[in-house]
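The structure file start-v3.cif is reproduced below (mmCIF, C-alpha atoms).
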data_structure
loop_
_atom_site.group_PDB
_atom_site.id
_atom_site.type_symbol
_atom_site.label_atom_id
_atom_site.label_comp_id
_atom_site.auth_asym_id
_atom_site.auth_seq_id
_atom_site.Cartn_x
_atom_site.Cartn_y
_atom_site.Cartn_z
ATOM 1 C CA PHE A 1 38.497 -10.283 -3.074
ATOM 2 C CA PRO A 2 35.263 -10.901 -4.970
ATOM 3 C CA THR A 3 35.291 -10.163 -8.673
ATOM 4 C CA ARG A 4 32.793 -7.770 -10.183
ATOM 5 C CA ARG A 5 30.972 -10.741 -11.699
ATOM 6 C CA SER A 6 30.652 -12.521 -8.345
ATOM 7 C CA SER A 7 29.501 -9.273 -6.724
ATOM 8 C CA ASP A 8 26.813 -8.821 -9.384
ATOM 9 C CA LEU A 9 25.659 -12.398 -8.886
ATOM 10 C CA LEU A 10 25.337 -11.783 -5.156
ATOM 11 C CA VAL A 11 23.254 -8.641 -5.717
ATOM 12 C CA TYR A 12 20.931 -10.382 -8.162
ATOM 13 C CA SER A 13 20.640 -13.353 -5.825
ATOM 14 C CA GLY A 14 19.442 -10.882 -3.219
ATOM 15 C CA TYR A 15 16.807 -9.532 -5.600
ATOM 16 C CA ALA A 16 15.671 -13.079 -6.342
ATOM 17 C CA ALA A 17 15.345 -13.823 -2.621
ATOM 18 C CA VAL A 18 13.202 -10.807 -1.711
ATOM 19 C CA HIS A 19 10.993 -11.090 -4.783
ATOM 20 C CA TYR A 20 10.489 -14.791 -4.157
ATOM 21 C CA CYS A 21 9.147 -13.967 -0.698
ATOM 22 C CA SER A 22 6.935 -11.076 -1.814
ATOM 23 C CA ASN A 23 5.564 -13.147 -4.692
ATOM 24 C CA LEU A 24 4.640 -15.931 -2.267
ATOM 25 C CA PHE A 25 2.659 -13.351 -0.316
ATOM 26 C CA PHE A 26 0.844 -11.909 -3.313
ATOM 27 C CA VAL A 27 -0.118 -15.237 -4.881
ATOM 28 C CA GLY A 28 -1.776 -16.327 -1.653
ATOM 29 C CA TYR A 29 0.585 -18.699 0.140
ATOM 30 C CA ASP A 30 -0.142 -19.436 3.789
ATOM 31 C CA LEU A 31 1.083 -16.413 5.741
ATOM 32 C CA ASP A 32 2.943 -18.525 8.291
ATOM 33 C CA ILE A 33 4.972 -20.050 5.439
ATOM 34 C CA VAL A 34 5.597 -16.601 3.948
ATOM 35 C CA ALA A 35 6.829 -15.316 7.327
ATOM 36 C CA GLN A 36 9.114 -18.331 7.686
ATOM 37 C CA LYS A 37 10.623 -17.771 4.232
ATOM 38 C CA TYR A 38 11.182 -14.087 4.948
ATOM 39 C CA GLY A 39 12.983 -15.033 8.147
ATOM 40 C CA GLN A 40 15.260 -17.507 6.357
ATOM 41 C CA TYR A 41 16.202 -15.211 3.491
ATOM 42 C CA LEU A 42 16.581 -12.085 5.613
ATOM 43 C CA GLU A 43 19.089 -13.920 7.782
ATOM 44 C CA TRP A 44 21.130 -14.702 4.652
ATOM 45 C CA LEU A 45 20.751 -11.172 3.232
ATOM 46 C CA GLN A 46 22.001 -9.656 6.481
ATOM 47 C CA LYS A 47 24.942 -12.044 6.542
ATOM 48 C CA MET A 48 25.809 -10.970 2.982
ATOM 49 C CA LYS A 49 25.448 -7.290 4.019
ATOM 50 C CA LEU A 50 22.871 -6.578 1.299
ATOM 51 C CA ASP A 51 21.338 -3.692 3.213
ATOM 52 C CA TYR A 52 19.239 -2.388 0.323
ATOM 53 C CA HIS A 53 17.561 -5.779 -0.029
ATOM 54 C CA VAL A 54 17.184 -6.198 3.727
ATOM 55 C CA ILE A 55 15.029 -3.061 4.037
ATOM 56 C CA TYR A 56 12.763 -4.190 1.206
ATOM 57 C CA GLY A 57 12.463 -7.650 2.724
ATOM 58 C CA LYS A 58 11.695 -6.326 6.200
ATOM 59 C CA ILE A 59 8.781 -4.290 4.842
ATOM 60 C CA GLY A 60 7.277 -7.442 3.358
ATOM 61 C CA LYS A 61 7.919 -9.441 6.501
ATOM 62 C CA GLN A 62 6.254 -6.827 8.702
ATOM 63 C CA LEU A 63 3.272 -6.643 6.334
ATOM 64 C CA THR A 64 2.929 -10.406 6.722
ATOM 65 C CA PHE A 65 3.213 -10.193 10.512
ATOM 66 C CA ASN A 66 0.562 -7.473 10.685
ATOM 67 C CA LEU A 67 -1.904 -9.652 8.798
ATOM 68 C CA LEU A 68 -1.059 -12.516 11.160
ATOM 69 C CA GLY A 69 -2.026 -10.293 14.087
ATOM 70 C CA ARG A 70 1.548 -9.911 15.338
ATOM 71 C CA SER A 71 1.450 -6.139 15.702
ATOM 72 C CA ASP A 72 -0.032 -3.868 18.332
ATOM 73 C CA GLU A 73 -1.120 -1.418 15.612
ATOM 74 C CA PRO A 74 -2.456 -3.425 12.638
ATOM 75 C CA CYS A 75 -2.068 -0.591 10.123
ATOM 76 C CA GLN A 76 1.408 0.499 11.208
ATOM 77 C CA LEU A 77 4.490 -1.357 10.024
ATOM 78 C CA ILE A 78 6.080 -1.548 13.439
ATOM 79 C CA GLY A 79 7.626 -4.666 14.911
ATOM 80 C CA GLU A 80 10.874 -6.263 16.016
ATOM 81 C CA ASP A 81 12.552 -5.936 12.600
ATOM 82 C CA PHE A 82 11.003 -2.804 11.116
ATOM 83 C CA ASN A 83 9.661 0.519 12.354
ATOM 84 C CA GLU A 84 8.061 2.752 9.729
ATOM 85 C CA LEU A 85 8.277 5.826 11.988
ATOM 86 C CA GLU A 86 12.063 5.482 12.103
ATOM 87 C CA MET A 87 12.618 4.237 8.555
ATOM 88 C CA LEU A 88 10.321 6.477 6.505
ATOM 89 C CA PRO A 89 12.415 9.668 6.946
ATOM 90 C CA ILE A 90 15.581 7.693 6.172
ATOM 91 C CA LEU A 91 14.107 6.177 3.006
ATOM 92 C CA ILE A 92 12.911 9.601 1.849
ATOM 93 C CA GLU A 93 16.340 11.119 2.500
ATOM 94 C CA GLN A 94 17.974 8.275 0.567
ATOM 95 C CA ASN A 95 15.359 8.590 -2.198
ATOM 96 C CA ASN A 96 14.911 4.814 -2.014
ATOM 97 C CA GLY A 97 11.964 4.704 -4.406
ATOM 98 C CA THR A 98 11.685 0.912 -4.465
ATOM 99 C CA SER A 99 11.259 0.519 -0.720
ATOM 100 C CA LEU A 100 9.109 3.651 -0.442
ATOM 101 C CA PHE A 101 6.687 2.292 -3.026
ATOM 102 C CA TYR A 102 6.528 -1.048 -1.201
ATOM 103 C CA LEU A 103 6.025 0.653 2.166
ATOM 104 C CA TYR A 104 3.140 2.812 0.938
ATOM 105 C CA LEU A 105 1.598 -0.134 -0.912
ATOM 106 C CA ALA A 106 1.864 -2.301 2.214
ATOM 107 C CA LYS A 107 0.112 0.354 4.274
ATOM 108 C CA SER A 108 -2.585 0.743 1.603
ATOM 109 C CA ILE A 109 -3.207 -3.001 1.741
ATOM 110 C CA LEU A 110 -3.408 -2.953 5.530
ATOM 111 C CA PHE A 111 -5.792 -0.005 5.639
ATOM 112 C CA TYR A 112 -7.951 -1.696 3.007
ATOM 113 C CA TRP A 113 -8.113 -5.023 4.828
ATOM 114 C CA PHE A 114 -8.784 -3.320 8.147
ATOM 115 C CA LYS A 115 -11.699 -1.350 6.685
ATOM 116 C CA GLN A 116 -10.174 2.123 6.495
ATOM 117 C CA PRO A 117 -10.571 2.885 2.773
ATOM 118 C CA GLU A 118 -9.884 6.630 3.029
ATOM 119 C CA GLN A 119 -6.438 5.944 4.466
ATOM 120 C CA ALA A 120 -5.915 3.161 1.911
ATOM 121 C CA VAL A 121 -6.552 5.673 -0.891
ATOM 122 C CA ALA A 122 -4.093 8.162 0.628
ATOM 123 C CA GLN A 123 -1.340 5.543 0.888
ATOM 124 C CA ALA A 124 -1.944 4.293 -2.659
ATOM 125 C CA ARG A 125 -1.626 7.854 -3.923
ATOM 126 C CA ALA A 126 1.588 8.326 -1.954
ATOM 127 C CA ALA A 127 3.017 5.233 -3.642
ATOM 128 C CA GLU A 128 2.281 6.584 -7.139
ATOM 129 C CA GLN A 129 5.137 9.083 -7.089
ATOM 130 C CA TYR A 130 7.611 6.197 -6.803
ATOM 131 C CA ALA A 131 6.020 3.939 -9.429
ATOM 132 C CA GLN A 132 8.911 4.405 -11.865
ATOM 133 C CA SER A 133 11.236 2.735 -9.352
ATOM 134 C CA VAL A 134 9.279 -0.535 -9.473
ATOM 135 C CA ALA A 135 8.465 -0.757 -13.179
ATOM 136 C CA GLY A 136 8.117 -4.434 -14.064
ATOM 137 C CA PHE A 137 7.647 -5.544 -10.440
ATOM 138 C CA MET A 138 4.591 -7.497 -9.327
ATOM 139 C CA LEU A 139 4.019 -4.624 -6.900
ATOM 140 C CA VAL A 140 2.726 -2.472 -9.758
ATOM 141 C CA ALA A 141 -0.179 -4.818 -10.448
ATOM 142 C CA GLU A 142 -1.013 -5.147 -6.762
ATOM 143 C CA HIS A 143 -1.032 -1.372 -6.429
ATOM 144 C CA ASN A 144 -3.431 -1.088 -9.371
ATOM 145 C CA PHE A 145 -5.781 -3.649 -7.803
ATOM 146 C CA TYR A 146 -5.809 -2.334 -4.239
ATOM 147 C CA TYR A 147 -5.935 1.300 -5.350
ATOM 148 C CA SER A 148 -9.171 0.611 -7.247
ATOM 149 C CA LEU A 149 -10.659 -1.378 -4.372
ATOM 150 C CA ALA A 150 -9.790 1.401 -1.917
ATOM 151 C CA LEU A 151 -11.346 4.059 -4.153
ATOM 152 C CA LEU A 152 -14.528 2.038 -4.510
ATOM 153 C CA GLY A 153 -14.577 1.292 -0.789
ATOM 154 C CA HIS A 154 -14.452 4.998 -0.009
ATOM 155 C CA TYR A 155 -16.756 5.991 -2.889
ATOM 156 C CA PRO A 156 -20.037 6.066 -0.875
ATOM 157 C CA HIS A 157 -18.524 8.483 1.651
ATOM 158 C CA VAL A 158 -17.468 11.329 -0.677
ATOM 159 C CA GLU A 159 -19.266 14.095 -2.580
ATOM 160 C CA GLN A 160 -20.397 13.659 -6.193
ATOM 161 C CA GLN A 161 -17.453 15.531 -7.717
ATOM 162 C CA GLN A 162 -14.989 13.321 -5.867
ATOM 163 C CA GLN A 163 -17.009 10.244 -6.806
ATOM 164 C CA ARG A 164 -16.573 11.175 -10.468
ATOM 165 C CA GLU A 165 -12.833 11.569 -9.909
ATOM 166 C CA TYR A 166 -12.695 8.184 -8.199
ATOM 167 C CA LEU A 167 -14.519 6.487 -11.085
ATOM 168 C CA THR A 168 -12.187 8.125 -13.599
ATOM 169 C CA GLN A 169 -9.168 6.759 -11.751
ATOM 170 C CA VAL A 170 -10.738 3.300 -11.472
ATOM 171 C CA ALA A 171 -11.467 3.334 -15.218
ATOM 172 C CA ALA A 172 -7.829 4.173 -15.964
ATOM 173 C CA ASN A 173 -6.632 1.414 -13.633
ATOM 174 C CA GLN A 174 -9.035 -1.060 -15.199
ATOM 175 C CA GLU A 175 -7.879 -0.224 -18.715
ATOM 176 C CA THR A 176 -4.385 -1.305 -17.729
ATOM 177 C CA LEU A 177 -5.598 -4.317 -15.770
ATOM 178 C CA LYS A 178 -7.743 -5.428 -18.713
ATOM 179 C CA THR A 179 -4.635 -5.573 -20.898
ATOM 180 C CA TRP A 180 -2.793 -7.638 -18.313
ATOM 181 C CA ALA A 181 -5.836 -9.895 -17.943
ATOM 182 C CA TYR A 182 -5.813 -10.563 -21.685
ATOM 183 C CA HIS A 183 -2.136 -11.532 -21.740
ATOM 184 C CA ALA A 184 -1.995 -13.314 -18.355
ATOM 185 C CA PRO A 185 -5.540 -14.333 -17.373
ATOM 186 C CA SER A 186 -4.412 -16.730 -14.650
ATOM 187 C CA ASN A 187 -2.989 -13.815 -12.666
ATOM 188 C CA PHE A 188 -5.159 -10.866 -13.601
ATOM 189 C CA LYS A 189 -8.543 -11.844 -15.054
ATOM 190 C CA HIS A 190 -10.162 -12.466 -11.678
ATOM 191 C CA LYS A 191 -8.706 -9.193 -10.340
ATOM 192 C CA TYR A 192 -10.265 -7.270 -13.223
ATOM 193 C CA GLU A 193 -13.607 -8.978 -12.635
ATOM 194 C CA LEU A 194 -13.566 -8.354 -8.890
ATOM 195 C CA VAL A 195 -12.982 -4.644 -9.391
ATOM 196 C CA GLU A 196 -15.745 -4.537 -12.021
ATOM 197 C CA ALA A 197 -18.080 -6.279 -9.601
ATOM 198 C CA GLU A 198 -17.230 -3.881 -6.800
ATOM 199 C CA LYS A 199 -17.832 -0.941 -9.130
ATOM 200 C CA ALA A 200 -21.243 -2.338 -10.105
ATOM 201 C CA ARG A 201 -22.085 -2.805 -6.431
ATOM 202 C CA VAL A 202 -21.330 0.776 -5.385
ATOM 203 C CA LEU A 203 -23.263 2.059 -8.408
ATOM 204 C CA GLY A 204 -26.318 0.101 -7.304
ATOM 205 C CA GLN A 205 -26.162 -2.431 -10.163
ATOM 206 C CA HIS A 206 -26.751 -5.353 -7.828
ATOM 207 C CA TRP A 207 -27.633 -8.119 -10.273
ATOM 208 C CA GLN A 208 -24.646 -7.311 -12.474
ATOM 209 C CA ALA A 209 -22.435 -7.157 -9.394
ATOM 210 C CA MET A 210 -23.520 -10.605 -8.193
ATOM 211 C CA GLU A 211 -22.911 -12.147 -11.596
ATOM 212 C CA ILE A 212 -19.436 -10.633 -11.978
ATOM 213 C CA TYR A 213 -18.565 -11.445 -8.361
ATOM 214 C CA ASP A 214 -19.329 -15.107 -9.060
ATOM 215 C CA GLN A 215 -16.980 -15.052 -12.051
ATOM 216 C CA GLY A 216 -14.197 -13.325 -10.132
ATOM 217 C CA ILE A 217 -14.528 -15.519 -7.055
ATOM 218 C CA GLN A 218 -14.435 -18.658 -9.182
ATOM 219 C CA GLY A 219 -11.412 -17.358 -11.074
ATOM 220 C CA ALA A 220 -9.591 -16.560 -7.836
ATOM 221 C CA ALA A 221 -10.400 -20.045 -6.509
ATOM 222 C CA ASP A 222 -9.254 -21.732 -9.734
ATOM 223 C CA GLN A 223 -5.891 -19.964 -9.563
ATOM 224 C CA ASP A 224 -5.487 -20.406 -5.771
ATOM 225 C CA TYR A 225 -5.649 -16.703 -4.949
ATOM 226 C CA ILE A 226 -7.370 -17.661 -1.733
ATOM 227 C CA GLN A 227 -7.031 -14.244 -0.073
ATOM 228 C CA GLU A 228 -8.914 -12.560 -2.923
ATOM 229 C CA GLU A 229 -11.506 -15.314 -3.111
ATOM 230 C CA ALA A 230 -12.204 -15.053 0.630
ATOM 231 C CA ASP A 231 -12.335 -11.247 0.714
ATOM 232 C CA ARG A 232 -14.881 -11.020 -2.072
ATOM 233 C CA LYS A 233 -17.004 -13.789 -0.557
ATOM 234 C CA SER A 234 -17.334 -11.664 2.548
ATOM 235 C CA VAL A 235 -18.904 -8.897 0.447
ATOM 236 C CA VAL A 236 -21.370 -10.928 -1.590
#
Target encoding structure tokens, full file:
Amino acid sequence: FPTRRSSDLLVYSGYAAVHYCSNLFFVGYDLDIVAQKYGQYLEWLQKMKLDYHVIYGKIGKQLTFNLLGRSDEPCQLIGEDFNELEMLPILIEQNNGTSLFYLYLAKSILFYWFKQPEQAVAQARAAEQYAQSVAGFMLVAEHNFYYSLALLGHYPHVEQQQQREYLTQVAANQETLKTWAYHAPSNFKHKYELVEAEKARVLGQHWQAMEIYDQGIQGAADQDYIQEEADRKSVV
């Protein structure tokens, strides 16, 4: 029988595996490589019967597949390994805050990339209630970033009162992101700049937006965040 120490090591090995894969995704590795890694580690996690980790990993794998075009509905996490329509009620019943946060974040990212900012905002807000479950995870920073981008993407389509609310939320997000950018500029400085540029753009400050975009795009390129470099280039 496994000792408690060996059991703990297995559990933490599972955490290392799923976070390794999700981190590859968020730092901009080729999506085909990310999908391959998810496949390898999920096979091991299932063999070790680490069901909690398997669910988390399958969300990330399906997010990757959706962005690779391997889903009939690009903004729904539905595929061979994961079905959000089946799993969401189960995760809510289990109060699995970690996987719920990741699921809502994944959907926010998909809605943002597929040009549905209103839905991206709704999913980012849904994730907020589970933020305590992922304190210290890279997911928190990604949520901050995509939440602000979604708000600014939807900003032109809402009334003035809601615009003010959106800008207040973006300012709060940016205050946090600015602190992270100071302490870890290689990961967060370009994100802060890209949000600032997007904010300037929607406020009609075009020259300022172009200047800050250039800084953020260059920063993303320097740190190999190719997905963020490419997305912003498409706006400028």
Within 9 Å of segment 149-153 of chain A, counting all atoms listed in the file, which residues qualify if same-chain residues fewer than 6 places away don't, as a list of chain:residue names?
A:Ser108, A:Ile109, A:Phe111, A:Tyr112, A:Lys115, A:Gln116, A:Pro117, A:Glu118, A:Gln119, A:Ala120, A:Val121, A:Ala124, A:Gln163, A:Tyr166, A:Leu167, A:Gln169, A:Val170, A:Leu194, A:Val195, A:Glu198, A:Lys199, A:Val202
To one decimal in Å, tell me the separation between atom CA of Tyr15 of chain A and atom CA of Thr98 of chain A.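 Between these atoms lies a distance of 11.7 Å.
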Any chance you could work out the residue set of the PyMOL selection byres ((chain A and resi 77) around 8) here, as an mmCIF file with C-alpha atoms, in the coordinates of the input?
data_model
loop_
_atom_site.group_PDB
_atom_site.id
_atom_site.type_symbol
_atom_site.label_atom_id
_atom_site.label_comp_id
_atom_site.auth_asym_id
_atom_site.auth_seq_id
_atom_site.Cartn_x
_atom_site.Cartn_y
_atom_site.Cartn_z
ATOM 1 C CA ILE A 59 8.781 -4.290 4.842
ATOM 2 C CA GLN A 62 6.254 -6.827 8.702
ATOM 3 C CA LEU A 63 3.272 -6.643 6.334
ATOM 4 C CA ASN A 66 0.562 -7.473 10.685
ATOM 5 C CA GLU A 73 -1.120 -1.418 15.612
ATOM 6 C CA PRO A 74 -2.456 -3.425 12.638
ATOM 7 C CA CYS A 75 -2.068 -0.591 10.123
ATOM 8 C CA GLN A 76 1.408 0.499 11.208
ATOM 9 C CA ILE A 78 6.080 -1.548 13.439
ATOM 10 C CA GLY A 79 7.626 -4.666 14.911
ATOM 11 C CA PHE A 82 11.003 -2.804 11.116
ATOM 12 C CA ASN A 83 9.661 0.519 12.354
ATOM 13 C CA GLU A 84 8.061 2.752 9.729
ATOM 14 C CA LYS A 107 0.112 0.354 4.274
#
- Query: Taking the file as shown, what set of residues would the PyMOL selection byres ((chain A and resi 143) around 10) give back, as a ChimeraX atom specification?
  - Reply: /A:101-102,104-106,108-109,124-125,127-128,131,138-142,144-149,173
note - atom CA of Leu42 of chain A and atom CA of Asp81 of chain A are separated by 10.1 Å
Students should find that atom CA of Glu165 of chain A and atom CA of Gln208 of chain A are spaced 22.4 Å
For this session: Rank nothing, just name the residue among A:Gly14, A:Pro89, A:Pro156, A:Gly219 nearest to Val54 of chain A, using only C-alpha atoms.
Result: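 Residue with the minimum atom-to-atom distance to Val54 of chain A: A:Gly14.
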Contacts of Gly216 of chain A at 9 Å (all atoms listed in the file; same-chain gap of 6+ positions) as a ChimeraX atom specification: /A:189-195,197,228-229,232
Worksheet item: So, counting all atoms listed in the file, which residue among A:Thr64, A:Gln160, A:Gln174, A:Ser71 is closest to Phe188 of chain A?
Response: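 Closest to Phe188 of chain A, using all atoms listed in the file: A:Gln174.
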**Asked** Out of A:Gly136, A:Leu50, A:Trp113, A:Glu80, which residue has the shortest atom-to-atom distance to Gln227 of chain A when counting all atoms listed in the file?
**Response**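 Among the listed residues, the smallest separation from Gln227 of chain A belongs to A:Trp113.
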Residues returned when the PyMOL selection byres ((chain A and resi 41) around 12) runs on this file, as JSON, numbers by chain: {"A": [13, 14, 15, 16, 17, 18, 19, 20, 21, 22, 34, 35, 36, 37, 38, 39, 40, 42, 43, 44, 45, 46, 47, 48, 50, 53, 54, 56, 57, 58, 60, 61]}
Those same residues - C-alpha atoms - I'd like them written as a CSV table (one decimal), in the frame of the given file.
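The result, written out as out.csv:
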chain,number,residue,atom,x,y,z
A,13,SER,CA,20.6,-13.4,-5.8
A,14,GLY,CA,19.4,-10.9,-3.2
A,15,TYR,CA,16.8,-9.5,-5.6
A,16,ALA,CA,15.7,-13.1,-6.3
A,17,ALA,CA,15.3,-13.8,-2.6
A,18,VAL,CA,13.2,-10.8,-1.7
A,19,HIS,CA,11.0,-11.1,-4.8
A,20,TYR,CA,10.5,-14.8,-4.2
A,21,CYS,CA,9.1,-14.0,-0.7
A,22,SER,CA,6.9,-11.1,-1.8
A,34,VAL,CA,5.6,-16.6,3.9
A,35,ALA,CA,6.8,-15.3,7.3
A,36,GLN,CA,9.1,-18.3,7.7
A,37,LYS,CA,10.6,-17.8,4.2
A,38,TYR,CA,11.2,-14.1,4.9
A,39,GLY,CA,13.0,-15.0,8.1
A,40,GLN,CA,15.3,-17.5,6.4
A,42,LEU,CA,16.6,-12.1,5.6
A,43,GLU,CA,19.1,-13.9,7.8
A,44,TRP,CA,21.1,-14.7,4.7
A,45,LEU,CA,20.8,-11.2,3.2
A,46,GLN,CA,22.0,-9.7,6.5
A,47,LYS,CA,24.9,-12.0,6.5
A,48,MET,CA,25.8,-11.0,3.0
A,50,LEU,CA,22.9,-6.6,1.3
A,53,HIS,CA,17.6,-5.8,0.0
A,54,VAL,CA,17.2,-6.2,3.7
A,56,TYR,CA,12.8,-4.2,1.2
A,57,GLY,CA,12.5,-7.6,2.7
A,58,LYS,CA,11.7,-6.3,6.2
A,60,GLY,CA,7.3,-7.4,3.4
A,61,LYS,CA,7.9,-9.4,6.5
Can you report as JSON the centre and edge lengths in Å, to one decimal, of an axis-aligned box around the listed atoms of segment 91-98 of chain A padded with 6 Å on each side?
{"center_x": 14.8, "center_y": 6.0, "center_z": -0.7, "size_x": 18.3, "size_y": 22.2, "size_z": 19.5}
I want to know what sits within 9 Å of Gln223 of chain A, based on all atoms listed in the file, with residues of the same chain fewer than 5 positions away left out; could you give that as an mmCIF file with C-alpha atoms, keeping the file's coordinate frame?
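Once written, out-v7.cif looks like this:
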data_model
loop_
_atom_site.group_PDB
_atom_site.id
_atom_site.type_symbol
_atom_site.label_atom_id
_atom_site.label_comp_id
_atom_site.auth_asym_id
_atom_site.auth_seq_id
_atom_site.Cartn_x
_atom_site.Cartn_y
_atom_site.Cartn_z
ATOM 1 C CA VAL A 27 -0.118 -15.237 -4.881
ATOM 2 C CA SER A 186 -4.412 -16.730 -14.650
ATOM 3 C CA ASN A 187 -2.989 -13.815 -12.666
ATOM 4 C CA HIS A 190 -10.162 -12.466 -11.678
ATOM 5 C CA GLN A 218 -14.435 -18.658 -9.182
#
Could all heavy atoms be built for segment 187-194 of chain A and written out as a CSV table (one decimal), in the frame of the given file?
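Below you can see part30.csv, which holds the result:
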chain,number,residue,atom,x,y,z
A,187,ASN,N,-3.4,-14.7,-13.7
A,187,ASN,CA,-3.0,-13.8,-12.7
A,187,ASN,C,-3.9,-12.6,-12.5
A,187,ASN,O,-4.1,-12.1,-11.4
A,187,ASN,CB,-1.6,-13.3,-12.9
A,187,ASN,CG,-0.5,-14.4,-12.6
A,187,ASN,OD1,-0.6,-15.1,-11.6
A,187,ASN,ND2,0.5,-14.5,-13.4
A,188,PHE,N,-4.5,-12.2,-13.6
A,188,PHE,CA,-5.2,-10.9,-13.6
A,188,PHE,C,-6.6,-10.8,-14.0
A,188,PHE,O,-7.3,-9.9,-13.7
A,188,PHE,CB,-4.4,-9.9,-14.5
A,188,PHE,CG,-3.0,-9.7,-14.2
A,188,PHE,CD1,-2.0,-10.1,-15.0
A,188,PHE,CD2,-2.6,-9.2,-12.9
A,188,PHE,CE1,-0.6,-10.0,-14.7
A,188,PHE,CE2,-1.3,-9.0,-12.6
A,188,PHE,CZ,-0.3,-9.4,-13.5
A,189,LYS,N,-7.1,-11.9,-14.6
A,189,LYS,CA,-8.5,-11.8,-15.1
A,189,LYS,C,-9.5,-11.7,-13.9
A,189,LYS,O,-10.4,-10.9,-13.9
A,189,LYS,CB,-8.9,-13.1,-15.9
A,189,LYS,CG,-10.3,-13.1,-16.5
A,189,LYS,CD,-10.5,-14.3,-17.4
A,189,LYS,CE,-11.9,-14.3,-18.0
A,189,LYS,NZ,-12.9,-14.6,-17.0
A,190,HIS,N,-9.3,-12.5,-12.8
A,190,HIS,CA,-10.2,-12.5,-11.7
A,190,HIS,C,-10.1,-11.1,-11.0
A,190,HIS,O,-11.0,-10.6,-10.4
A,190,HIS,CB,-9.9,-13.6,-10.7
A,190,HIS,CG,-8.6,-13.5,-9.9
A,190,HIS,ND1,-7.4,-13.8,-10.4
A,190,HIS,CD2,-8.4,-13.0,-8.7
A,190,HIS,CE1,-6.5,-13.6,-9.5
A,190,HIS,NE2,-7.0,-13.1,-8.5
A,191,LYS,N,-8.9,-10.5,-11.0
A,191,LYS,CA,-8.7,-9.2,-10.3
A,191,LYS,C,-9.6,-8.2,-11.1
A,191,LYS,O,-10.3,-7.3,-10.5
A,191,LYS,CB,-7.2,-8.8,-10.3
A,191,LYS,CG,-6.4,-9.5,-9.3
A,191,LYS,CD,-4.9,-9.0,-9.4
A,191,LYS,CE,-4.1,-9.4,-8.2
A,191,LYS,NZ,-3.9,-10.8,-8.2
A,192,TYR,N,-9.5,-8.2,-12.4
A,192,TYR,CA,-10.3,-7.3,-13.2
A,192,TYR,C,-11.8,-7.5,-12.9
A,192,TYR,O,-12.5,-6.5,-12.8
A,192,TYR,CB,-10.0,-7.5,-14.7
A,192,TYR,CG,-10.8,-6.7,-15.6
A,192,TYR,CD1,-10.5,-5.4,-15.9
A,192,TYR,CD2,-12.0,-7.2,-16.2
A,192,TYR,CE1,-11.3,-4.6,-16.7
A,192,TYR,CE2,-12.8,-6.4,-17.0
A,192,TYR,CZ,-12.4,-5.1,-17.3
A,192,TYR,OH,-13.2,-4.4,-18.1
A,193,GLU,N,-12.2,-8.7,-12.9
A,193,GLU,CA,-13.6,-9.0,-12.6
A,193,GLU,C,-14.0,-8.5,-11.2
A,193,GLU,O,-15.2,-8.0,-11.1
A,193,GLU,CB,-13.9,-10.5,-12.8
A,193,GLU,CG,-13.7,-10.9,-14.3
A,193,GLU,CD,-13.7,-12.4,-14.5
A,193,GLU,OE1,-13.5,-13.1,-13.5
A,193,GLU,OE2,-14.0,-12.9,-15.6
A,194,LEU,N,-13.2,-8.7,-10.2
A,194,LEU,CA,-13.6,-8.4,-8.9
A,194,LEU,C,-13.7,-6.8,-8.7
A,194,LEU,O,-14.6,-6.4,-8.1
A,194,LEU,CB,-12.5,-8.9,-7.9
A,194,LEU,CG,-12.5,-10.4,-7.7
A,194,LEU,CD1,-11.3,-10.9,-6.9
A,194,LEU,CD2,-13.8,-10.9,-7.2
